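S.K.: File entry36.pdb below, PDB, C-alpha atoms, pLDDT in the B column:
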```pdb
ATOM      1  CA  MET L   1      25.163 183.419  61.781  1.00 55.00           C
ATOM      2  CA  PRO L   2      28.387 183.227  63.820  1.00 59.00           C
ATOM      3  CA  THR L   3      28.472 184.856  67.185  1.00 59.00           C
ATOM      4  CA  LEU L   4      31.164 187.329  68.029  1.00 62.00           C
ATOM      5  CA  LYS L   5      32.975 187.024  71.293  1.00 61.00           C
ATOM      6  CA  PRO L   6      33.942 190.166  73.148  1.00 63.00           C
ATOM      7  CA  LEU L   7      37.619 191.071  73.345  1.00 61.00           C
ATOM      8  CA  THR L   8      39.237 190.238  76.635  1.00 61.00           C
ATOM      9  CA  PRO L   9      40.151 193.359  78.548  1.00 61.00           C
ATOM     10  CA  PRO L  10      43.853 194.107  79.149  1.00 57.00           C
ATOM     11  CA  PRO L  11      45.326 192.920  82.439  1.00 59.00           C
ATOM     12  CA  ALA L  12      44.493 195.137  85.401  1.00 60.00           C
ATOM     13  CA  ASP L  13      48.140 196.169  85.860  1.00 59.00           C
ATOM     14  CA  ASP L  14      48.376 197.337  82.207  1.00 57.00           C
ATOM     15  CA  THR L  15      51.304 195.028  81.461  1.00 61.00           C
ATOM     16  CA  VAL L  16      51.695 193.848  77.937  1.00 62.00           C
ATOM     17  CA  PRO L  17      52.624 190.216  77.488  1.00 66.00           C
ATOM     18  CA  ALA L  18      56.188 189.717  76.272  1.00 67.00           C
ATOM     19  CA  PRO L  19      56.587 188.728  72.638  1.00 69.00           C
ATOM     20  CA  PRO L  20      57.592 185.131  72.062  1.00 70.00           C
ATOM     21  CA  ALA L  21      61.328 184.575  72.480  1.00 72.00           C
ATOM     22  CA  ARG L  22      63.325 184.528  69.237  1.00 73.00           C
ATOM     23  CA  ARG L  23      65.112 181.300  68.613  1.00 69.00           C
ATOM     24  CA  PRO L  24      68.818 181.610  67.866  1.00 64.00           C
ATOM     25  CA  PRO L  25      69.727 180.916  64.243  1.00 65.00           C
ATOM     26  CA  ALA L  26      70.285 177.286  63.404  1.00 70.00           C
ATOM     27  CA  ASP L  27      73.871 176.081  63.496  1.00 76.00           C
ATOM     28  CA  PRO L  28      74.988 175.834  59.850  1.00 83.00           C
ATOM     29  CA  GLN L  29      77.678 173.258  60.672  1.00 87.00           C
ATOM     30  CA  LYS L  30      76.627 169.770  59.617  1.00 92.00           C
ATOM     31  CA  PHE L  31      79.856 168.052  60.717  1.00 96.00           C
ATOM     32  CA  GLN L  32      82.190 168.786  63.600  1.00 96.00           C
ATOM     33  CA  VAL L  33      85.125 170.993  62.579  1.00 97.00           C
ATOM     34  CA  ARG L  34      87.954 172.158  64.832  1.00 97.00           C
ATOM     35  CA  VAL L  35      90.502 174.930  64.333  1.00 97.00           C
ATOM     36  CA  GLY L  36      94.207 174.314  64.862  1.00 97.00           C
ATOM     37  CA  PRO L  37      97.698 175.052  63.595  1.00 97.00           C
ATOM     38  CA  SER L  38      98.070 174.375  59.872  1.00 96.00           C
ATOM     39  CA  ALA L  39     101.098 173.176  57.932  1.00 94.00           C
ATOM     40  CA  ILE L  40      99.727 175.187  54.994  1.00 94.00           C
ATOM     41  CA  ASP L  41      99.325 178.598  56.631  1.00 89.00           C
ATOM     42  CA  GLY L  42      98.579 179.869  60.145  1.00 89.00           C
ATOM     43  CA  GLN L  43      95.406 178.325  61.479  1.00 94.00           C
ATOM     44  CA  GLY L  44      93.353 175.772  59.569  1.00 96.00           C
ATOM     45  CA  ALA L  45      90.021 173.976  59.759  1.00 97.00           C
ATOM     46  CA  PHE L  46      90.192 170.233  60.483  1.00 98.00           C
ATOM     47  CA  ALA L  47      87.583 167.481  60.319  1.00 98.00           C
ATOM     48  CA  ALA L  48      86.731 166.442  63.884  1.00 98.00           C
ATOM     49  CA  GLU L  49      84.856 163.435  62.482  1.00 97.00           C
ATOM     50  CA  ALA L  50      84.816 161.482  59.234  1.00 98.00           C
ATOM     51  CA  ILE L  51      82.908 163.270  56.460  1.00 98.00           C
ATOM     52  CA  PRO L  52      81.411 161.335  53.531  1.00 98.00           C
ATOM     53  CA  ALA L  53      81.881 162.538  49.956  1.00 98.00           C
ATOM     54  CA  ARG L  54      79.360 164.994  48.474  1.00 97.00           C
ATOM     55  CA  ARG L  55      77.921 165.981  51.850  1.00 97.00           C
ATOM     56  CA  LYS L  56      77.501 169.546  53.036  1.00 97.00           C
ATOM     57  CA  ILE L  57      80.079 170.218  55.744  1.00 97.00           C
ATOM     58  CA  GLY L  58      78.843 173.629  56.811  1.00 96.00           C
ATOM     59  CA  GLU L  59      78.790 177.344  56.101  1.00 95.00           C
ATOM     60  CA  ILE L  60      80.513 180.554  56.994  1.00 93.00           C
ATOM     61  CA  ARG L  61      78.430 183.540  57.999  1.00 93.00           C
ATOM     62  CA  GLY L  62      79.310 187.157  58.407  1.00 93.00           C
ATOM     63  CA  GLU L  63      78.490 190.724  57.585  1.00 94.00           C
ATOM     64  CA  PHE L  64      77.169 191.473  54.090  1.00 95.00           C
ATOM     65  CA  ILE L  65      79.094 194.367  52.570  1.00 95.00           C
ATOM     66  CA  ASP L  66      79.624 195.835  49.118  1.00 94.00           C
ATOM     67  CA  LEU L  67      82.670 194.752  47.131  1.00 92.00           C
ATOM     68  CA  ALA L  68      84.455 198.111  47.415  1.00 91.00           C
ATOM     69  CA  GLU L  69      84.225 197.914  51.218  1.00 94.00           C
ATOM     70  CA  ALA L  70      85.392 194.276  51.107  1.00 91.00           C
ATOM     71  CA  ARG L  71      88.486 195.270  49.103  1.00 88.00           C
ATOM     72  CA  ALA L  72      89.282 198.088  51.540  1.00 91.00           C
ATOM     73  CA  ARG L  73      88.870 195.788  54.544  1.00 91.00           C
ATOM     74  CA  ALA L  74      90.986 193.085  52.875  1.00 87.00           C
ATOM     75  CA  ARG L  75      93.829 195.552  52.266  1.00 84.00           C
ATOM     76  CA  ALA L  76      93.656 196.755  55.882  1.00 88.00           C
ATOM     77  CA  ALA L  77      93.556 193.184  57.241  1.00 84.00           C
ATOM     78  CA  GLU L  78      96.485 192.151  55.056  1.00 79.00           C
ATOM     79  CA  ARG L  79      98.570 195.027  56.445  1.00 81.00           C
ATOM     80  CA  SER L  80      97.601 194.406  60.079  1.00 82.00           C
ATOM     81  CA  THR L  81      97.131 190.652  60.581  1.00 78.00           C
ATOM     82  CA  GLY L  82      97.705 189.082  57.181  1.00 72.00           C
ATOM     83  CA  ARG L  83      94.423 187.158  57.625  1.00 78.00           C
ATOM     84  CA  ILE L  84      91.481 187.854  55.353  1.00 80.00           C
ATOM     85  CA  PHE L  85      88.081 186.260  55.889  1.00 86.00           C
ATOM     86  CA  MET L  86      86.072 187.583  52.927  1.00 86.00           C
ATOM     87  CA  VAL L  87      84.121 185.782  50.221  1.00 89.00           C
ATOM     88  CA  ALA L  88      82.600 187.515  47.216  1.00 88.00           C
ATOM     89  CA  ILE L  89      79.034 186.297  46.750  1.00 89.00           C
ATOM     90  CA  SER L  90      78.209 188.352  43.657  1.00 89.00           C
ATOM     91  CA  GLU L  91      79.690 191.052  41.456  1.00 89.00           C
ATOM     92  CA  ARG L  92      78.570 193.614  44.027  1.00 92.00           C
ATOM     93  CA  ARG L  93      78.465 191.917  47.436  1.00 93.00           C
ATOM     94  CA  ALA L  94      80.739 190.009  49.791  1.00 93.00           C
ATOM     95  CA  VAL L  95      80.568 188.328  53.185  1.00 93.00           C
ATOM     96  CA  ASP L  96      83.077 189.523  55.775  1.00 93.00           C
ATOM     97  CA  ALA L  97      83.523 186.579  58.161  1.00 92.00           C
ATOM     98  CA  THR L  98      86.183 188.313  60.278  1.00 91.00           C
ATOM     99  CA  GLN L  99      83.928 188.363  63.362  1.00 89.00           C
ATOM    100  CA  SER L 100      82.296 184.986  62.635  1.00 90.00           C
ATOM    101  CA  THR L 101      82.688 182.037  64.985  1.00 91.00           C
ATOM    102  CA  ASP L 102      82.211 179.535  62.151  1.00 94.00           C
ATOM    103  CA  PRO L 103      85.320 177.303  62.048  1.00 95.00           C
ATOM    104  CA  LEU L 104      85.215 176.872  58.267  1.00 96.00           C
ATOM    105  CA  ARG L 105      86.388 180.475  57.871  1.00 94.00           C
ATOM    106  CA  PHE L 106      89.851 179.034  58.597  1.00 95.00           C
ATOM    107  CA  ALA L 107      89.763 176.686  55.583  1.00 95.00           C
ATOM    108  CA  ASN L 108      93.024 177.204  53.702  1.00 94.00           C
ATOM    109  CA  HIS L 109      93.565 177.173  49.945  1.00 93.00           C
ATOM    110  CA  ALA L 110      94.878 174.035  48.261  1.00 95.00           C
ATOM    111  CA  CYS L 111      95.475 173.210  44.600  1.00 94.00           C
ATOM    112  CA  ALA L 112      94.092 169.680  45.259  1.00 95.00           C
ATOM    113  CA  PRO L 113      91.294 170.508  47.736  1.00 97.00           C
ATOM    114  CA  ASN L 114      88.991 168.137  49.577  1.00 97.00           C
ATOM    115  CA  MET L 115      86.074 170.617  49.648  1.00 98.00           C
ATOM    116  CA  VAL L 116      84.335 172.901  47.191  1.00 97.00           C
ATOM    117  CA  LEU L 117      82.994 176.319  48.167  1.00 94.00           C
ATOM    118  CA  LYS L 118      79.552 177.085  46.749  1.00 95.00           C
ATOM    119  CA  VAL L 119      77.689 180.369  46.948  1.00 93.00           C
ATOM    120  CA  GLN L 120      73.944 179.723  46.884  1.00 88.00           C
ATOM    121  CA  GLN L 121      71.339 182.410  47.538  1.00 87.00           C
ATOM    122  CA  GLY L 122      73.899 184.556  49.337  1.00 85.00           C
ATOM    123  CA  ARG L 123      75.108 181.722  51.577  1.00 91.00           C
ATOM    124  CA  VAL L 124      78.683 180.428  51.567  1.00 94.00           C
ATOM    125  CA  ALA L 125      78.673 176.645  51.949  1.00 95.00           C
ATOM    126  CA  PHE L 126      81.341 173.947  51.770  1.00 97.00           C
ATOM    127  CA  TYR L 127      80.790 170.429  50.389  1.00 98.00           C
ATOM    128  CA  ALA L 128      83.103 167.405  50.566  1.00 98.00           C
ATOM    129  CA  LEU L 129      84.614 166.475  47.193  1.00 98.00           C
ATOM    130  CA  ARG L 130      85.597 163.040  48.510  1.00 98.00           C
ATOM    131  CA  ASP L 131      85.559 161.092  51.765  1.00 98.00           C
ATOM    132  CA  ILE L 132      87.468 163.090  54.371  1.00 98.00           C
ATOM    133  CA  ALA L 133      89.123 161.361  57.320  1.00 98.00           C
ATOM    134  CA  GLU L 134      88.909 162.602  60.886  1.00 98.00           C
ATOM    135  CA  GLY L 135      91.850 164.928  61.591  1.00 98.00           C
ATOM    136  CA  GLU L 136      92.385 165.865  57.923  1.00 98.00           C
ATOM    137  CA  GLU L 137      92.789 169.559  57.131  1.00 97.00           C
ATOM    138  CA  LEU L 138      89.816 170.954  55.212  1.00 98.00           C
ATOM    139  CA  THR L 139      90.866 172.861  52.108  1.00 97.00           C
ATOM    140  CA  ALA L 140      89.199 174.579  49.167  1.00 95.00           C
ATOM    141  CA  ARG L 141      90.425 176.115  45.924  1.00 92.00           C
ATOM    142  CA  TYR L 142      89.976 179.847  46.461  1.00 82.00           C
ATOM    143  CA  GLY L 143      89.659 180.801  42.798  1.00 71.00           C
ATOM    144  CA  PRO L 144      90.363 184.435  41.854  1.00 64.00           C
ATOM    145  CA  THR L 145      91.514 186.470  44.855  1.00 64.00           C
ATOM    146  CA  HIS L 146      92.736 189.968  45.541  1.00 58.00           C
ATOM    147  CA  HIS L 147      96.265 188.471  45.571  1.00 58.00           C
ATOM    148  CA  ALA L 148      96.031 188.213  41.759  1.00 62.00           C
ATOM    149  CA  GLY L 149      98.647 185.460  41.583  1.00 60.00           C
ATOM    150  CA  ARG L 150     101.200 187.276  43.763  1.00 67.00           C
ATOM    151  CA  LEU L 151     100.891 185.159  46.937  1.00 77.00           C
ATOM    152  CA  ARG L 152     102.976 181.993  47.089  1.00 85.00           C
ATOM    153  CA  CYS L 153     100.873 178.849  47.516  1.00 88.00           C
ATOM    154  CA  LEU L 154     102.074 176.571  50.301  1.00 89.00           C
ATOM    155  CA  CYS L 155      99.566 173.726  49.890  1.00 91.00           C
ATOM    156  CA  GLY L 156     102.205 171.115  49.041  1.00 89.00           C
ATOM    157  CA  ALA L 157     100.061 169.327  46.438  1.00 91.00           C
ATOM    158  CA  PRO L 158     102.042 167.355  43.827  1.00 91.00           C
ATOM    159  CA  ARG L 159     100.644 169.584  41.067  1.00 90.00           C
ATOM    160  CA  CYS L 160     100.606 172.829  43.045  1.00 91.00           C
ATOM    161  CA  VAL L 161     100.431 175.805  40.695  1.00 87.00           C
ATOM    162  CA  GLY L 162     102.728 177.744  43.045  1.00 85.00           C
ATOM    163  CA  TRP L 163     100.697 180.959  43.411  1.00 79.00           C
ATOM    164  CA  ILE L 164      97.310 182.135  44.649  1.00 78.00           C
TER
END
```
Could the structure of this file be written out as structure tokens, please?

M.R.:
Amino acid sequence: MPTLKPLTPPPADDTVPAPPARRPPADPQKFQVRVGPSAIDGQGAFAAEAIPARRKIGEIRGEFIDLAEARARARAAERSTGRIFMVAISERRAVDATQSTDPLRFANHACAPNMVLKVQQGRVAFYALRDIAEGEELTARYGPTHHAGRLRCLCGAPRCVGWI
């Protein structure tokens, strides 16, 4: 029969040991990305190192909100700064990356992009469609947006559709 050991009494000064420290969340960036002025629009995300095709570049994180709130915030941001950092992740939810420090939130739209945006299990990730050279602007095709085809596209691709 196993023997039971007595519980150790609490410390004499009645202090409770501190819980183990929480580790910060892992950095979702797999390749170095810098932010800088973009010829497409405002600020852009740029490869700070060569990125091989089909590799995950990184993610954007932010606040999870419902779609109605995302639309309201997008309208307010468009009126104030003209910069919107929202991604719909389902028919009901979106990620607001306005306060995020993830550099990929500055990825601009392009009709011939070098990345694809994938939503997987509520995470917004970017993957290289082809080899990307160091210094190249990182772009993705936005797909349907709140602009509904009313915003002029400035990507400069040979087969640019002209509107976002």

S.K.: Give me, please, the distance in Å between CA of Gln99 (chain L) and CA of Phe85 (chain L), quoted to one decimal.

M.R.: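 The value is 8.8 Å.
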
S.K.: Between CA of Arg141 (chain L) and CA of Ile89 (chain L), what is the spacing in Å?

M.R.: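 Atom-to-atom, CA of Ile89 (chain L) and CA of Arg141 (chain L) are spaced 15.3 Å apart.
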
S.K.: Of the candidates L:Ile60, L:Met86, L:Cys153, L:Ala110, which shows the shortest atom-to-atom distance to Ala72 (chain L), using only C-alpha atoms?

M.R.: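 Looking at the shortest contact to Ala72 (chain L), the residue is L:Met86.
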
S.K.: Taking all atoms listed in the file into account, name the residue in L:Arg152, L:Ala76, L:Ala70, L:Gly62 that is nearest to Val124 (chain L).

M.R.: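 The shortest atom-to-atom distance to Val124 (chain L) comes from L:Gly62.
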
S.K.: Find the residues near Asp66 (chain L): any atom within 6 Å, counting only C-alpha atoms, skip ones fewer than 3 places away on the same chain, and give them as a ChimeraX atom specification.

M.R.: /L:69,92-94

S.K.: Between CA of Arg105 (chain L) and CA of Glu59 (chain L), what is the distance in Å, rounded to a tenth?

M.R.: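 Computing it gives 8.4 Å between the two atoms.
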
S.K.: Starting from the PyMOL selection byres ((chain L and resi 157) around 8), expand the selection into actual residues of this file and give them as a VMD selection string.

M.R.: chain L and resid 110 to 112 155 to 156 158 to 160

S.K.: Restricting the calculation to all atoms listed in the file, which member of L:Lys118, L:Arg130, L:Arg34, L:Arg123 is positioned closest to Arg54 (chain L)?

M.R.: L:Arg130

S.K.: Evaluate the PyMOL selection byres ((chain L and resi 107-109) around 6) and record the selected residues as an NGL selection string, following the chain and residue labels used in the document.

M.R.: :L and (44-45 or 104-106 or 110 or 138-142)

S.K.: Under the rule that all atoms listed in the file are counted, which of L:Ile164, L:Leu154, L:Ile57, L:Leu117 is the nearest residue to Gln29 (chain L)?

M.R.: L:Ile57

S.K.: Nearest to Ser100 (chain L) among L:Ala53, L:Lys30, L:Phe64, L:Leu151, with distances taken over only C-alpha atoms: which residue is it?

M.R.: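 Smallest separation from Ser100 (chain L) among the options: L:Phe64.
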
S.K.: Written as a PyMOL selection string, what is the full residue list that the PyMOL selection byres ((chain L and resi 134-136) around 10) yields on the file shown?

M.R.: chain L and resi 32-34+45-51+114+131-133+137-139

S.K.: Go ahead and dump the residues you just picked, C-alpha atoms, as a PDB file, in the coordinates of the input.

M.R.:
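Writing done, so here's again.pdb:
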```pdb
ATOM      1  CA  GLN L  32      82.190 168.786  63.600  1.00 96.00           C
ATOM      2  CA  VAL L  33      85.125 170.993  62.579  1.00 97.00           C
ATOM      3  CA  ARG L  34      87.954 172.158  64.832  1.00 97.00           C
ATOM      4  CA  ALA L  45      90.021 173.976  59.759  1.00 97.00           C
ATOM      5  CA  PHE L  46      90.192 170.233  60.483  1.00 98.00           C
ATOM      6  CA  ALA L  47      87.583 167.481  60.319  1.00 98.00           C
ATOM      7  CA  ALA L  48      86.731 166.442  63.884  1.00 98.00           C
ATOM      8  CA  GLU L  49      84.856 163.435  62.482  1.00 97.00           C
ATOM      9  CA  ALA L  50      84.816 161.482  59.234  1.00 98.00           C
ATOM     10  CA  ILE L  51      82.908 163.270  56.460  1.00 98.00           C
ATOM     11  CA  ASN L 114      88.991 168.137  49.577  1.00 97.00           C
ATOM     12  CA  ASP L 131      85.559 161.092  51.765  1.00 98.00           C
ATOM     13  CA  ILE L 132      87.468 163.090  54.371  1.00 98.00           C
ATOM     14  CA  ALA L 133      89.123 161.361  57.320  1.00 98.00           C
ATOM     15  CA  GLU L 137      92.789 169.559  57.131  1.00 97.00           C
ATOM     16  CA  LEU L 138      89.816 170.954  55.212  1.00 98.00           C
ATOM     17  CA  THR L 139      90.866 172.861  52.108  1.00 97.00           C
TER      18      THR L 139
END
```

S.K.: Calculated over all atoms listed in the file, which of the candidates L:Lys56, L:Arg61, L:Arg79, L:Arg71 has the smallest distance to Phe126 (chain L)?

M.R.: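 The answer is L:Lys56, which sits nearest to Phe126 (chain L).
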